[in-house]
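For reference, the structure is listed below as structure tokens.
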Amino acid sequence: MTVWDDLVGQDRVREQLGAAARDADALVTANSDGEPVPPGSGMTHAWLFTGPPGSGRSTAARAFAAALQCTSPDRALGGAPGCGFCDGCHTALIGTHADVEVIRTELLSIGVKETRELVRRAQLSPAVGRWQVIVLEDADRLTEGAGNVLLKAVEEPAPRTVWLLCAPSLEDVLPTIRSRCRHLTLTTPPVDAVAEVLVRRDGVDPDRAASAARATQGHIGRARRLATDEGARARRAAVLKLPLRVQDVGGCLKAAQELIDTAGDDAKQAAEEVDGKETDELKAALGASAGGRMPRGTAGAMKELEDKQKRRRTRTQRDSLDLALTELTGFYRDVLALQLGSRIALANTDVRDALDRIAESSSPEGTLRRIEAVIACRRALDRNVAPLLAVEAMTMALRAG
């Protein structure tokens, strides 16, 4: 098993990264003085991975980071870096390598303070590995100020430091940053390939794996969650009943409220798992007494943690809502396929009766308007419109058709 095995359906990207890893290995072997990466080689100091959600952007970045740290003795015999078994590969993949920093924000944005800390880290020489690697999984969430801070580090790279940025598209990253990165585009992996990896890696029943991969239209992360989490399957089933419930105004408003409540419950559940532990750890670090009384001067630190937790709950709720809206888009896409007599495979075959009912009772033009209403709701949420107001407007539009 190599580091590339979980990079599903991305043969071209895998080939490019493998070649770059071989060049990087040769550079380190030939140049032990820590000089910057020379121009014109297959290796470079900054990479930008883009692709639709679920395509495996972060998986590709992590695999490349592991290949850069590979210490397999087979390399001296012509073996490719990225064996997956050596200490460098293993620790990089599980997140414990001292020279691989993976940044995945749980907040709505990445600010200047956090980015400055990353830039400081990037100036350090590798402690135990061959490269200092910074993986920024949410480069699209950098604020403008944070992007300008990062630009300086990308313009003037430190020796043996590699930046791996991930974003949905080129437009989500500042032009000045993307122009200094080598760009790799990932595509949505085939449904069959996603099902195969669920069976092989997660031990999922083949029929369930195929159903989850088809329902999520090749989104690897969502497919794994749907195949392994009963709660996720129940929430999806509830969302797919919504098109049949928006027959009158009362049904629209009730469905909208339930969608918001479900997203809120998801955020609350996630918060309960993390917030209490974080609060207790900070109190202990600040020297809270046995009775829970905090020392003077620590109120600011506690308030900062509470604000962070609040922002994280907001993002969790929005992510849950966005997932529900994605499911709705897939539902109406299947409806449109039925109405137009398309031969494309349906994603939601488990609710075929509902698809047929909606398809027979509406027109393709109405279905397109409904898809546009769902997309408009997602855009409204991105612009910080009150979630309940945005979802209510969407359900009323779905009723109107």
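Each chain in the structure tokens gets a letter, A, B and so on, in the order shown; residues start at 1 in every chain, and ligands are counted from 1 in the order they appear.
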
Residues of range 29-213 of chain A classed as strand (DSSP E) by DSSP on the backbone are to be reported as an MDAnalysis selection string. chainID A and resid 46:50 100:103 132:136 161:167 182:185

### Task
Just the residues within 9 Å of range 374-377 of chain A, please, counting only C-alpha atoms, with nothing from its chain fewer than 6 positions along; format it as a PyMOL selection string.
chain A and resi 325-326+328-329+387+390-391+393-395+397-398

Residues near range 272-276 of chain A, anyone? I mean within 12 Å using only C-alpha atoms, not counting same-chain ones fewer than 3 positions away, as a PyMOL selection string.
chain A and resi 106+265-269+279-283+302+305-313

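Residues with any atom within 10 Å of Lys113 in chain A, counting only C-alpha atoms and excluding same-chain neighbours fewer than 5 positions away, are Leu118, Gly145, Ala146 and Val149 of chain A.
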
Using only C-alpha atoms, determine which residues lie at most 8 Å from Leu321 in chain A, disregarding the query and same-chain residues fewer than 4 positions distant; provide the list as a list in words.
Leu259, Ile260, Ala263, Gln317 and Leu325 of chain A

Pairwise distance, CA of Leu198 in chain A with CA of Ala227 in chain A, equals 8.2 Å

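Counting from CA of Ser169 in chain A, the distance to CA of Val133 in chain A is 21.7 Å.
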
All residues 9 Å or closer to Gly366 in chain A, only C-alpha atoms, same chain fewer than 5 positions away omitted, as a ChimeraX atom specification: /A:371,398,400-401

Quick one: DSSP helix (DSSP H, G or I) residues in range 340-370 of chain A, as a ChimeraX atom specification? /A:340,349-361,364-370

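Closest approach to Leu7 in chain A among A:Val239, A:Leu389, A:Val194, A:Leu253: A:Val194, based on only C-alpha atoms.
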
Got a sec: who's within 9 Å of range 20-32 of chain A, counting only C-alpha atoms, leaving out chain neighbours fewer than 2 positions off, as a ChimeraX atom specification? /A:15-18,34-35,37-38,41-44,64-65,67-70,75,80-82,130-131,160
